[in-house]
>>> print(open('model_7.csv').read())   # CSV, C-alpha atoms and all ligand atoms
chain,number,residue,atom,x,y,z
A,1,MET,CA,97.8,192.1,28.0
A,2,PRO,CA,100.9,190.2,26.8
A,3,SER,CA,101.8,187.0,28.6
A,4,LEU,CA,104.3,184.1,28.4
A,5,HIS,CA,103.5,180.8,29.9
A,6,ASP,CA,105.5,177.6,30.6
A,7,CYS,CA,108.8,179.4,30.6
A,8,PRO,CA,111.5,177.0,31.5
A,9,ALA,CA,114.0,177.8,34.3
A,10,PRO,CA,116.4,174.8,33.8
A,11,ALA,CA,118.5,173.2,36.5
A,12,LYS,CA,122.3,173.2,36.3
A,13,LEU,CA,124.9,170.8,37.5
A,14,ASN,CA,128.5,171.7,38.4
A,15,LEU,CA,130.4,168.9,36.6
A,16,PHE,CA,133.4,169.8,38.8
A,17,LEU,CA,133.9,172.7,41.2
A,18,HIS,CA,137.4,173.7,42.3
A,19,ILE,CA,138.1,176.3,44.9
A,20,THR,CA,141.4,177.9,43.9
A,21,GLY,CA,141.7,180.8,46.4
A,22,ARG,CA,139.9,183.4,48.4
A,23,ARG,CA,139.7,187.2,47.8
A,24,GLU,CA,140.3,189.8,50.5
A,25,ASP,CA,136.5,190.4,50.7
A,26,GLY,CA,136.0,186.8,51.6
A,27,TYR,CA,134.5,185.7,48.2
A,28,HIS,CA,136.1,182.5,46.8
A,29,LEU,CA,137.9,182.1,43.5
A,30,LEU,CA,136.6,179.0,41.8
A,31,GLN,CA,136.7,177.1,38.6
A,32,THR,CA,133.6,175.1,37.5
A,33,VAL,CA,131.8,173.8,34.5
A,34,PHE,CA,128.1,174.6,34.5
A,35,GLN,CA,125.9,172.0,32.6
A,36,LEU,CA,122.3,172.8,31.7
A,37,LEU,CA,119.6,170.1,32.1
A,38,ASP,CA,116.3,169.7,30.3
A,39,TYR,CA,114.5,169.7,33.7
A,40,GLY,CA,113.7,172.6,36.0
A,41,ASP,CA,111.0,175.0,37.3
A,42,LEU,CA,108.3,176.5,35.1
A,43,LEU,CA,107.4,180.2,35.3
A,44,HIS,CA,104.3,182.1,34.0
A,45,PHE,CA,104.2,185.8,33.3
A,46,ASP,CA,101.2,188.1,32.7
A,47,VAL,CA,101.9,191.8,32.1
A,48,ARG,CA,99.7,194.1,34.3
A,49,ASP,CA,98.2,197.4,33.5
A,50,ASP,CA,99.6,198.9,36.6
A,51,SER,CA,103.2,198.8,37.9
A,52,ALA,CA,102.8,196.2,40.6
A,53,ILE,CA,105.0,193.0,40.7
A,54,ARG,CA,103.1,190.1,42.2
A,55,ARG,CA,103.9,186.4,42.8
A,56,VAL,CA,100.5,185.0,42.5
A,57,ASN,CA,101.0,181.5,44.1
A,58,ASP,CA,102.4,180.3,47.4
A,59,VAL,CA,105.9,178.8,47.4
A,60,PRO,CA,106.5,177.0,50.7
A,61,GLY,CA,109.6,178.5,52.5
A,62,VAL,CA,110.0,181.5,50.2
A,63,PRO,CA,108.0,184.6,51.2
A,64,GLU,CA,106.9,186.7,48.2
A,65,GLU,CA,109.0,189.7,49.0
A,66,THR,CA,112.2,187.6,49.2
A,67,ASP,CA,111.6,185.5,46.1
A,68,LEU,CA,114.3,185.9,43.5
A,69,VAL,CA,111.7,186.2,40.8
A,70,VAL,CA,110.1,189.2,42.5
A,71,ARG,CA,113.5,190.8,43.2
A,72,ALA,CA,114.6,190.2,39.6
A,73,ALA,CA,111.4,191.8,38.2
A,74,ARG,CA,111.9,194.8,40.5
A,75,LEU,CA,115.5,195.2,39.5
A,76,LEU,CA,114.7,195.3,35.8
A,77,GLN,CA,111.8,197.7,36.5
A,78,ALA,CA,114.2,200.0,38.3
A,79,ALA,CA,116.7,199.8,35.5
A,80,VAL,CA,114.4,201.1,32.7
A,81,PRO,CA,112.0,204.0,33.3
A,82,GLY,CA,108.3,203.5,32.5
A,83,LEU,CA,108.0,199.7,32.6
A,84,PRO,CA,104.6,198.1,33.6
A,85,GLY,CA,104.1,195.4,36.3
A,86,ALA,CA,103.7,191.7,36.1
A,87,ASP,CA,101.9,188.7,37.8
A,88,ILE,CA,104.3,185.8,38.1
A,89,ARG,CA,103.5,182.2,38.9
A,90,VAL,CA,106.3,179.8,39.9
A,91,ASP,CA,105.8,176.1,39.5
A,92,LYS,CA,108.7,174.9,41.7
A,93,ARG,CA,110.1,171.5,40.9
A,94,LEU,CA,113.7,172.0,41.9
A,95,PRO,CA,114.6,171.5,45.6
A,96,MET,CA,115.8,174.5,47.6
A,97,GLY,CA,119.4,174.4,48.7
A,98,GLY,CA,120.0,171.6,46.2
A,99,GLY,CA,123.0,172.9,44.3
A,100,LEU,CA,120.8,172.8,41.1
A,101,GLY,CA,120.7,176.6,40.9
A,102,GLY,CA,116.9,176.7,41.2
A,103,GLY,CA,116.5,180.2,42.6
A,104,SER,CA,119.2,181.6,40.3
A,105,SER,CA,117.6,180.0,37.3
A,106,ASP,CA,114.2,181.4,38.2
A,107,ALA,CA,115.7,184.9,38.5
A,108,ALA,CA,117.4,184.6,35.1
A,109,THR,CA,114.3,183.4,33.4
A,110,THR,CA,112.4,186.3,34.9
A,111,LEU,CA,114.9,188.8,33.6
A,112,MET,CA,114.9,187.3,30.1
A,113,ALA,CA,111.1,186.8,29.9
A,114,LEU,CA,110.2,190.3,31.2
A,115,ASN,CA,112.9,192.0,29.2
A,116,HIS,CA,111.1,190.4,26.2
A,117,LEU,CA,107.5,191.0,27.3
A,118,TRP,CA,108.0,194.5,28.6
A,119,GLN,CA,110.2,195.3,25.5
A,120,ALA,CA,112.7,196.8,28.0
A,121,GLY,CA,115.4,196.5,25.3
A,122,LEU,CA,118.3,195.3,27.5
A,123,GLY,CA,121.0,193.2,25.8
A,124,ARG,CA,122.4,190.0,27.2
A,125,GLU,CA,125.5,191.6,28.9
A,126,GLU,CA,123.2,194.2,30.6
A,127,LEU,CA,120.9,191.4,31.9
A,128,MET,CA,123.9,189.4,33.1
A,129,ALA,CA,125.2,192.4,35.1
A,130,LEU,CA,121.8,192.9,36.7
A,131,GLY,CA,121.6,189.2,37.4
A,132,LEU,CA,125.0,189.2,39.2
A,133,LYS,CA,123.4,191.5,41.8
A,134,LEU,CA,121.0,188.7,42.7
A,135,GLY,CA,123.5,185.8,42.9
A,136,ALA,CA,126.8,184.4,41.6
A,137,ASP,CA,125.1,181.8,39.3
A,138,VAL,CA,122.5,184.1,37.7
A,139,PRO,CA,124.7,185.4,34.9
A,140,PHE,CA,125.4,181.8,33.7
A,141,PHE,CA,121.7,181.1,33.1
A,142,ILE,CA,121.5,184.3,31.0
A,143,PHE,CA,124.7,183.5,29.2
A,144,GLY,CA,122.8,180.9,27.2
A,145,SER,CA,125.1,177.8,26.9
A,146,ASN,CA,127.1,175.5,29.0
A,147,ALA,CA,130.1,177.3,30.4
A,148,PHE,CA,133.5,177.1,32.1
A,149,ALA,CA,133.4,179.7,34.9
A,150,GLU,CA,136.3,181.3,36.7
A,151,GLY,CA,136.8,184.3,39.0
A,152,VAL,CA,134.0,184.2,41.6
A,153,GLY,CA,131.9,182.5,38.9
A,154,GLU,CA,131.3,185.5,36.7
A,155,GLN,CA,134.0,185.0,34.0
A,156,LEU,CA,132.3,182.6,31.5
A,157,THR,CA,133.6,180.8,28.5
A,158,ALA,CA,131.2,178.6,26.4
A,159,VAL,CA,132.0,174.9,26.4
A,160,ASP,CA,130.1,171.9,24.9
A,161,GLY,CA,129.3,170.2,28.2
A,162,LEU,CA,128.0,166.6,28.2
A,163,ASP,CA,125.5,165.2,25.7
A,164,CYS,CA,124.2,162.4,27.9
A,165,TRP,CA,121.6,161.4,30.5
A,166,PHE,CA,122.1,162.1,34.1
A,167,VAL,CA,120.5,160.6,37.3
A,168,VAL,CA,120.1,163.2,40.0
A,169,LEU,CA,119.4,162.1,43.7
A,170,GLU,CA,117.8,164.5,46.1
A,171,PRO,CA,119.1,163.6,49.6
A,172,GLY,CA,116.2,165.5,51.2
A,173,VAL,CA,118.2,168.1,53.0
A,174,SER,CA,118.7,171.8,52.2
A,175,VAL,CA,122.4,172.9,52.2
A,176,PRO,CA,122.9,176.7,52.8
A,177,THR,CA,125.7,177.7,50.5
A,178,PRO,CA,127.4,180.1,53.0
A,179,ALA,CA,127.7,177.3,55.6
A,180,ILE,CA,130.0,175.4,53.2
A,181,PHE,CA,132.0,178.5,52.1
A,182,CYS,CA,132.5,179.5,55.7
A,183,SER,CA,133.7,176.2,56.9
A,184,PRO,CA,137.4,176.1,58.2
A,185,GLU,CA,137.6,172.6,56.7
A,186,LEU,CA,137.0,173.8,53.2
A,187,THR,CA,140.2,173.4,51.1
A,188,ARG,CA,140.9,176.5,49.0
A,189,ASN,CA,144.1,175.6,47.2
A,190,THR,CA,143.2,173.4,44.3
A,191,LYS,CA,145.7,174.1,41.5
A,192,PRO,CA,144.0,176.0,38.6
A,193,VAL,CA,143.2,173.8,35.6
A,194,ARG,CA,143.3,175.0,32.0
A,195,ILE,CA,140.2,174.8,30.0
A,196,ALA,CA,142.0,173.0,27.2
A,197,ASP,CA,142.8,170.1,29.6
A,198,PHE,CA,139.1,169.8,30.4
A,199,SER,CA,137.6,169.3,27.0
A,200,GLY,CA,137.3,165.7,26.0
A,201,ALA,CA,138.5,164.4,29.3
A,202,LEU,CA,135.2,165.0,31.1
A,203,GLN,CA,133.8,161.5,30.4
A,204,ASN,CA,136.6,160.2,32.6
A,205,ALA,CA,135.4,162.2,35.6
A,206,PHE,CA,137.7,165.2,35.2
A,207,GLY,CA,138.2,167.1,38.4
A,208,LYS,CA,136.3,167.0,41.7
A,209,ASN,CA,133.9,169.0,43.9
A,210,ASP,CA,135.9,170.7,46.7
A,211,MET,CA,132.7,171.4,48.6
A,212,GLN,CA,131.6,167.8,48.7
A,213,ALA,CA,133.6,166.5,51.7
A,214,VAL,CA,132.5,169.5,53.9
A,215,ALA,CA,128.9,169.1,52.9
A,216,ALA,CA,128.9,165.3,53.5
A,217,ARG,CA,130.4,165.9,57.0
A,218,LEU,CA,127.8,168.6,57.9
A,219,PHE,CA,124.9,166.7,56.3
A,220,PRO,CA,125.4,162.9,56.5
A,221,GLU,CA,122.5,162.3,54.1
A,222,VAL,CA,124.7,163.8,51.4
A,223,GLY,CA,127.5,161.4,52.1
A,224,LYS,CA,125.0,158.5,52.0
A,225,ALA,CA,123.6,159.6,48.7
A,226,ILE,CA,127.1,159.8,47.2
A,227,SER,CA,128.0,156.3,48.5
A,228,TRP,CA,124.8,154.8,47.2
A,229,LEU,CA,124.9,156.3,43.7
A,230,GLY,CA,128.7,155.6,43.6
A,231,GLY,CA,127.8,151.9,43.5
A,232,PHE,CA,126.5,152.5,39.9
A,233,GLY,CA,129.1,154.8,38.4
A,234,GLU,CA,130.8,158.1,38.9
A,235,ALA,CA,128.7,160.0,41.5
A,236,ARG,CA,129.4,163.6,42.5
A,237,MET,CA,127.7,166.4,44.4
A,238,THR,CA,126.6,169.5,42.5
A,239,GLY,CA,127.4,173.1,43.7
A,240,SER,CA,127.4,173.4,47.5
A,241,GLY,CA,125.0,170.4,47.6
A,242,ALA,CA,122.8,168.7,48.5
A,243,CYS,CA,122.0,166.9,45.3
A,244,VAL,CA,124.2,164.2,43.8
A,245,PHE,CA,124.4,163.2,40.1
A,246,MET,CA,125.8,160.5,37.9
A,247,PRO,CA,126.4,160.8,34.1
A,248,CYS,CA,124.9,157.7,32.4
A,249,GLN,CA,126.0,155.8,29.3
A,250,SER,CA,122.4,155.4,28.1
A,251,GLU,CA,118.8,156.2,29.1
A,252,GLN,CA,118.5,152.5,29.9
A,253,GLN,CA,121.3,152.8,32.5
A,254,ALA,CA,119.5,155.9,34.0
A,255,ASP,CA,116.2,153.9,34.2
A,256,ALA,CA,118.0,151.0,35.9
A,257,VAL,CA,119.5,153.3,38.6
A,258,LEU,CA,116.0,154.9,39.1
A,259,ALA,CA,114.4,151.5,39.5
A,260,ALA,CA,117.0,150.6,42.2
A,261,ALA,CA,116.4,154.0,43.9
A,262,SER,CA,112.7,153.5,44.1
A,263,GLY,CA,111.5,153.5,47.7
A,264,LYS,CA,114.9,154.5,48.9
A,265,TRP,CA,115.7,157.9,47.4
A,266,LYS,CA,113.9,160.7,45.6
A,267,ALA,CA,115.6,160.6,42.2
A,268,TRP,CA,115.0,161.6,38.6
A,269,LYS,CA,116.7,161.5,35.2
A,270,ALA,CA,117.4,164.5,32.9
A,271,ARG,CA,119.3,165.0,29.7
A,272,GLY,CA,122.2,167.4,29.3
A,273,ILE,CA,121.3,170.3,26.9
A,274,ALA,CA,123.7,172.6,25.0
A,275,LYS,CA,121.6,175.8,25.0
A,276,HIS,CA,119.3,177.5,27.4
A,277,PRO,CA,115.7,177.1,26.1
A,278,LEU,CA,115.2,180.9,26.3
A,279,ALA,CA,118.5,181.9,24.6
A,280,GLY,CA,116.6,182.9,21.5
A,281,LEU,CA,114.6,185.6,23.4
A,282,GLN,CA,117.7,187.8,23.9
A,283,LYS,CA,119.5,190.1,21.6
A,284,SER,CA,123.2,190.2,22.2
A,285,LEU,CA,125.1,193.4,22.3
A,301,LIG,C1,128.7,177.2,44.7
A,301,LIG,C2,127.9,177.7,43.6
A,301,LIG,O1,126.6,177.1,43.6
A,301,LIG,C3,128.6,177.2,42.3
A,301,LIG,O2,127.7,177.1,41.2
A,301,LIG,C4,127.8,179.2,43.5
A,301,LIG,O3,129.0,179.8,43.4
A,301,LIG,C5,127.0,179.7,44.7
A,301,LIG,O4,126.0,180.5,44.2
A,301,LIG,P1,124.8,181.1,45.0
A,301,LIG,O5,124.1,180.0,45.8
A,301,LIG,O6,123.9,181.9,44.0
A,301,LIG,O7,125.5,182.0,46.0
A,301,LIG,P2,125.4,183.6,46.3
A,301,LIG,O8,124.0,183.8,46.8
A,301,LIG,O9,125.9,184.4,45.2
A,301,LIG,O10,126.4,183.7,47.6
A,301,LIG,C6,126.1,183.2,48.8
A,301,LIG,C7,127.3,183.3,49.7
A,301,LIG,O11,128.3,182.4,49.3
A,301,LIG,C8,129.6,182.9,49.4
A,301,LIG,N1,130.3,182.9,48.1
A,301,LIG,C9,129.6,182.8,46.9
A,301,LIG,C10,130.2,182.8,45.7
A,301,LIG,C11,131.7,182.8,45.7
A,301,LIG,N2,132.4,182.7,44.6
A,301,LIG,N3,132.4,182.8,46.9
A,301,LIG,C12,131.7,182.9,48.1
A,301,LIG,O12,132.3,182.9,49.1
A,301,LIG,C13,129.4,184.3,49.9
A,301,LIG,O13,129.6,184.3,51.3
A,301,LIG,C14,128.0,184.7,49.6
A,301,LIG,O14,127.4,185.6,50.5
A,302,LIG,N1,112.4,181.4,43.4
A,302,LIG,C1,113.2,180.8,44.3
A,302,LIG,N2,113.5,179.5,44.3
A,302,LIG,C2,114.3,178.9,45.2
A,302,LIG,N3,114.9,179.5,46.2
A,302,LIG,C3,114.7,180.8,46.3
A,302,LIG,C4,113.8,181.5,45.4
A,302,LIG,N4,113.8,182.8,45.8
A,302,LIG,C5,114.6,182.9,46.9
A,302,LIG,N5,115.1,181.7,47.2
A,302,LIG,C6,116.0,181.5,48.4
A,302,LIG,O1,117.3,181.0,47.9
A,302,LIG,C7,117.8,179.9,48.6
A,302,LIG,C8,118.7,179.1,47.7
A,302,LIG,O2,117.8,178.4,46.9
A,302,LIG,P1,118.4,177.6,45.5
A,302,LIG,O3,117.4,176.6,45.1
A,302,LIG,O4,118.8,178.6,44.5
A,302,LIG,O5,119.7,176.9,46.1
A,302,LIG,P2,120.7,176.1,45.4
A,302,LIG,O6,120.1,175.1,44.4
A,302,LIG,O7,121.6,175.5,46.4
A,302,LIG,O8,121.5,177.1,44.5
A,302,LIG,P3,123.1,177.2,44.1
A,302,LIG,O9,123.4,176.0,43.3
A,302,LIG,O10,123.0,178.5,43.2
A,302,LIG,O11,123.8,177.3,45.4
A,302,LIG,C9,116.5,179.2,49.1
A,302,LIG,O12,116.7,178.5,50.4
A,302,LIG,C10,115.5,180.3,49.3
A,302,LIG,O13,115.5,180.9,50.6
>>> encode(input="model_7.csv", output="structure tokens", more="lines below")
Ligand SMILES: C[C@](O)(CO)[C@H](O)COP(=O)(O)OP(=O)(O)OC[C@H]1O[C@@H](n2ccc(N)nc2=O)[C@H](O)[C@@H]1O
Ligand SMILES: Nc1ncnc2c1ncn2[C@@H]1O[C@H](COP(=O)(O)OP(=O)(O)OP(=O)(O)O)[C@@H](O)[C@H]1O
Amino acid sequence: MPSLHDCPAPAKLNLFLHITGRREDGYHLLQTVFQLLDYGDLLHFDVRDDSAIRRVNDVPGVPEETDLVVRAARLLQAAVPGLPGADIRVDKRLPMGGGLGGGSSDAATTLMALNHLWQAGLGREELMALGLKLGADVPFFIFGSNAFAEGVGEQLTAVDGLDCWFVVLEPGVSVPTPAIFCSPELTRNTKPVRIADFSGALQNAFGKNDMQAVAARLFPEVGKAISWLGGFGEARMTGSGACVFMPCQSEQQADAVLAAASGKWKAWKARGIAKHPLAGLQKSL
């Protein structure tokens, strides 16, 4: 039976995240730049000769039935008649509720890998539409490159992103995204930026993360991580938290920050990448 092993589900950073308004249905209008990293989860797929979808390993805190990889596989199966099943193994490296998009990226990798293995024949746009049913960040990971996102996060425009090393700090807490979006303290009136103003200016810490102040108040470890990393450069929270990142001038600078973090913080370095590693698996419509 066909199989695909060591499929990357890369992490993302939100280089900035502006909340510019709120829709009548409660969803927030935002502007953000998604940056892909060369670090993330690893997924393994084996096609089955029956139609069952199984996650074959234990993932602490995520029951099989609620796992986004299982839900993504079922969604694709339901979209195209006659598809077989799959065994899926998830090597989790990204923290949950970290703002790194781990669950969303796992879902996107599952849709892309199984679309290929099952020869389901869906195009990129169709996979992105399926992905949006699973979460706001899933379409970005299928999109294939770094992106400026608007609307509720589904309107994507390709951008270069940053070609540099990043240090990422894991504060050790899990931030539930709805807790930040629901907070009365969240500001929702940042003036919209133009994508043209963003390009080139990013190295000088363009923009801000509007969710950062709320997350730091609700989860003090997030505030401590920002203060600590801010001693070395421009430190910012990604997504709704909890993780905090800093762009570095060189790999040596990243290594120096990691050495200083040793024994104090869980931290790692990753390089910004321009393309999703599975982008070549898809046919575009
Ligand atoms: C903050 C970001 O991480 C930025 O990358 C994402 O927009 C959030 O993505 P996510 O964690 O995949 O979130 P989802 O599972 O889609 O939504 C969780 C909840 O967040 C709120 N939500 C989400 C996206 C959005 N534009 N406005 C919202 O108000 C909704 O209450 C939703 O029920
Ligand atoms: N495969 C999966 N990996 C991680 N979380 C999953 C997965 N499947 C379901 N979940 C659920 O999704 C929740 C959010 O996890 P995730 O790691 O995507 O958060 P996040 O990094 O904050 O994402 P985002 O940046 O999109 O807000 C988890 O707490 C977990 O309950």
>>> residues_around(input="model_7.csv", residues="Tyr39 in chain A", least_positions_apart="2", cutoff="9 Å", atoms="only C-alpha atoms", output="PyMOL selection string")
chain A and resi 8-12+36-37+41+93-94+269-271
>>> closest_residue(input="model_7.csv", among="A:Leu229, A:Leu76, A:Ala261, A:Leu15", to="His116 in chain A", atoms="all atoms listed in the file")
A:Leu76
>>> closest_residue(input="model_7.csv", among="A:Gly207, A:Ile19, A:Ala256, A:Ala215", to="Phe232 in chain A", atoms="all atoms listed in the file")
A:Ala256
>>> residues_around(input="model_7.csv", residues="Asp106 in chain A", least_positions_apart="2", cutoff="7 Å", atoms="only C-alpha atoms", output="JSON, numbers by chain")
{"A": [9, 68, 69, 102, 103, 104, 108, 109, 110]}
>>> write_last_selection(input="model_7.csv", atoms="C-alpha atoms", output="PDB file, keeping the file's coordinate frame")
ATOM      1  CA  ALA A   9     114.000 177.800  34.300  1.00  0.00           C
ATOM      2  CA  LEU A  68     114.300 185.900  43.500  1.00  0.00           C
ATOM      3  CA  VAL A  69     111.700 186.200  40.800  1.00  0.00           C
ATOM      4  CA  GLY A 102     116.900 176.700  41.200  1.00  0.00           C
ATOM      5  CA  GLY A 103     116.500 180.200  42.600  1.00  0.00           C
ATOM      6  CA  SER A 104     119.200 181.600  40.300  1.00  0.00           C
ATOM      7  CA  ALA A 108     117.400 184.600  35.100  1.00  0.00           C
ATOM      8  CA  THR A 109     114.300 183.400  33.400  1.00  0.00           C
ATOM      9  CA  THR A 110     112.400 186.300  34.900  1.00  0.00           C
TER      10      THR A 110
END
>>> residues_near_ligand(input="model_7.csv", ligand="ligand LIG 302 (chain A)", cutoff="7 Å", atoms="only C-alpha atoms and all ligand atoms", output="PDB file with C-alpha atoms, in the coordinates of the input")
ATOM      1  CA  GLY A  61     109.600 178.500  52.500  1.00  0.00           C
ATOM      2  CA  VAL A  62     110.000 181.500  50.200  1.00  0.00           C
ATOM      3  CA  THR A  66     112.200 187.600  49.200  1.00  0.00           C
ATOM      4  CA  ASP A  67     111.600 185.500  46.100  1.00  0.00           C
ATOM      5  CA  LEU A  68     114.300 185.900  43.500  1.00  0.00           C
ATOM      6  CA  VAL A  69     111.700 186.200  40.800  1.00  0.00           C
ATOM      7  CA  LEU A  94     113.700 172.000  41.900  1.00  0.00           C
ATOM      8  CA  PRO A  95     114.600 171.500  45.600  1.00  0.00           C
ATOM      9  CA  MET A  96     115.800 174.500  47.600  1.00  0.00           C
ATOM     10  CA  GLY A  97     119.400 174.400  48.700  1.00  0.00           C
ATOM     11  CA  GLY A  98     120.000 171.600  46.200  1.00  0.00           C
ATOM     12  CA  GLY A  99     123.000 172.900  44.300  1.00  0.00           C
ATOM     13  CA  LEU A 100     120.800 172.800  41.100  1.00  0.00           C
ATOM     14  CA  GLY A 101     120.700 176.600  40.900  1.00  0.00           C
ATOM     15  CA  GLY A 102     116.900 176.700  41.200  1.00  0.00           C
ATOM     16  CA  GLY A 103     116.500 180.200  42.600  1.00  0.00           C
ATOM     17  CA  SER A 104     119.200 181.600  40.300  1.00  0.00           C
ATOM     18  CA  ASP A 106     114.200 181.400  38.200  1.00  0.00           C
ATOM     19  CA  ALA A 107     115.700 184.900  38.500  1.00  0.00           C
ATOM     20  CA  ASP A 137     125.100 181.800  39.300  1.00  0.00           C
ATOM     21  CA  VAL A 175     122.400 172.900  52.200  1.00  0.00           C
ATOM     22  CA  PRO A 176     122.900 176.700  52.800  1.00  0.00           C
ATOM     23  CA  THR A 177     125.700 177.700  50.500  1.00  0.00           C
ATOM     24  CA  GLY A 239     127.400 173.100  43.700  1.00  0.00           C
ATOM     25  CA  SER A 240     127.400 173.400  47.500  1.00  0.00           C
ATOM     26  CA  GLY A 241     125.000 170.400  47.600  1.00  0.00           C
TER      27      GLY A 241
END
>>> residues_near_ligand(input="model_7.csv", ligand="ligand LIG 301 (chain A)", cutoff="10 Å", atoms="only C-alpha atoms and all ligand atoms", output="CSV table (one decimal) with C-alpha atoms, in the coordinates of the input")
chain,number,residue,atom,x,y,z
A,12,LYS,CA,122.3,173.2,36.3
A,13,LEU,CA,124.9,170.8,37.5
A,14,ASN,CA,128.5,171.7,38.4
A,15,LEU,CA,130.4,168.9,36.6
A,16,PHE,CA,133.4,169.8,38.8
A,17,LEU,CA,133.9,172.7,41.2
A,18,HIS,CA,137.4,173.7,42.3
A,19,ILE,CA,138.1,176.3,44.9
A,21,GLY,CA,141.7,180.8,46.4
A,22,ARG,CA,139.9,183.4,48.4
A,23,ARG,CA,139.7,187.2,47.8
A,25,ASP,CA,136.5,190.4,50.7
A,26,GLY,CA,136.0,186.8,51.6
A,27,TYR,CA,134.5,185.7,48.2
A,28,HIS,CA,136.1,182.5,46.8
A,29,LEU,CA,137.9,182.1,43.5
A,30,LEU,CA,136.6,179.0,41.8
A,31,GLN,CA,136.7,177.1,38.6
A,32,THR,CA,133.6,175.1,37.5
A,33,VAL,CA,131.8,173.8,34.5
A,34,PHE,CA,128.1,174.6,34.5
A,97,GLY,CA,119.4,174.4,48.7
A,98,GLY,CA,120.0,171.6,46.2
A,99,GLY,CA,123.0,172.9,44.3
A,100,LEU,CA,120.8,172.8,41.1
A,101,GLY,CA,120.7,176.6,40.9
A,102,GLY,CA,116.9,176.7,41.2
A,103,GLY,CA,116.5,180.2,42.6
A,104,SER,CA,119.2,181.6,40.3
A,105,SER,CA,117.6,180.0,37.3
A,132,LEU,CA,125.0,189.2,39.2
A,133,LYS,CA,123.4,191.5,41.8
A,134,LEU,CA,121.0,188.7,42.7
A,135,GLY,CA,123.5,185.8,42.9
A,136,ALA,CA,126.8,184.4,41.6
A,137,ASP,CA,125.1,181.8,39.3
A,138,VAL,CA,122.5,184.1,37.7
A,139,PRO,CA,124.7,185.4,34.9
A,140,PHE,CA,125.4,181.8,33.7
A,149,ALA,CA,133.4,179.7,34.9
A,150,GLU,CA,136.3,181.3,36.7
A,151,GLY,CA,136.8,184.3,39.0
A,152,VAL,CA,134.0,184.2,41.6
A,153,GLY,CA,131.9,182.5,38.9
A,154,GLU,CA,131.3,185.5,36.7
A,175,VAL,CA,122.4,172.9,52.2
A,176,PRO,CA,122.9,176.7,52.8
A,177,THR,CA,125.7,177.7,50.5
A,178,PRO,CA,127.4,180.1,53.0
A,179,ALA,CA,127.7,177.3,55.6
A,180,ILE,CA,130.0,175.4,53.2
A,181,PHE,CA,132.0,178.5,52.1
A,182,CYS,CA,132.5,179.5,55.7
A,209,ASN,CA,133.9,169.0,43.9
A,210,ASP,CA,135.9,170.7,46.7
A,211,MET,CA,132.7,171.4,48.6
A,238,THR,CA,126.6,169.5,42.5
A,239,GLY,CA,127.4,173.1,43.7
A,240,SER,CA,127.4,173.4,47.5
A,241,GLY,CA,125.0,170.4,47.6
>>> residues_around(input="model_7.csv", residues="Asp87 in chain A", least_positions_apart="2", cutoff="6 Å", atoms="all atoms listed in the file", output="PyMOL selection string")
chain A and resi 45-46+54-55
>>> residues_around(input="model_7.csv", residues="Phe219 in chain A", least_positions_apart="5", cutoff="10 Å", atoms="only C-alpha atoms", output="MDAnalysis selection string")
chainID A and resid 171 173:175 213:214 224 241:242
>>> closest_residue(input="model_7.csv", among="A:Leu114, A:Leu169, A:Ile226, A:Cys164", to="Ser250 in chain A", atoms="only C-alpha atoms")
A:Cys164
>>> atom_distance(input="model_7.csv", atom1="CA of Ile142 in chain A", atom2="CA of Arg48 in chain A")
24.1 Å
>>> closest_residue(input="model_7.csv", among="A:Met128, A:Leu218, A:Val167, A:Ala279", to="Met246 in chain A", atoms="only C-alpha atoms")
A:Val167
>>> closest_residue(input="model_7.csv", among="A:Glu170, A:Ala259, A:Glu185, A:Ala78", to="Gly223 in chain A", atoms="all atoms listed in the file")
A:Glu170
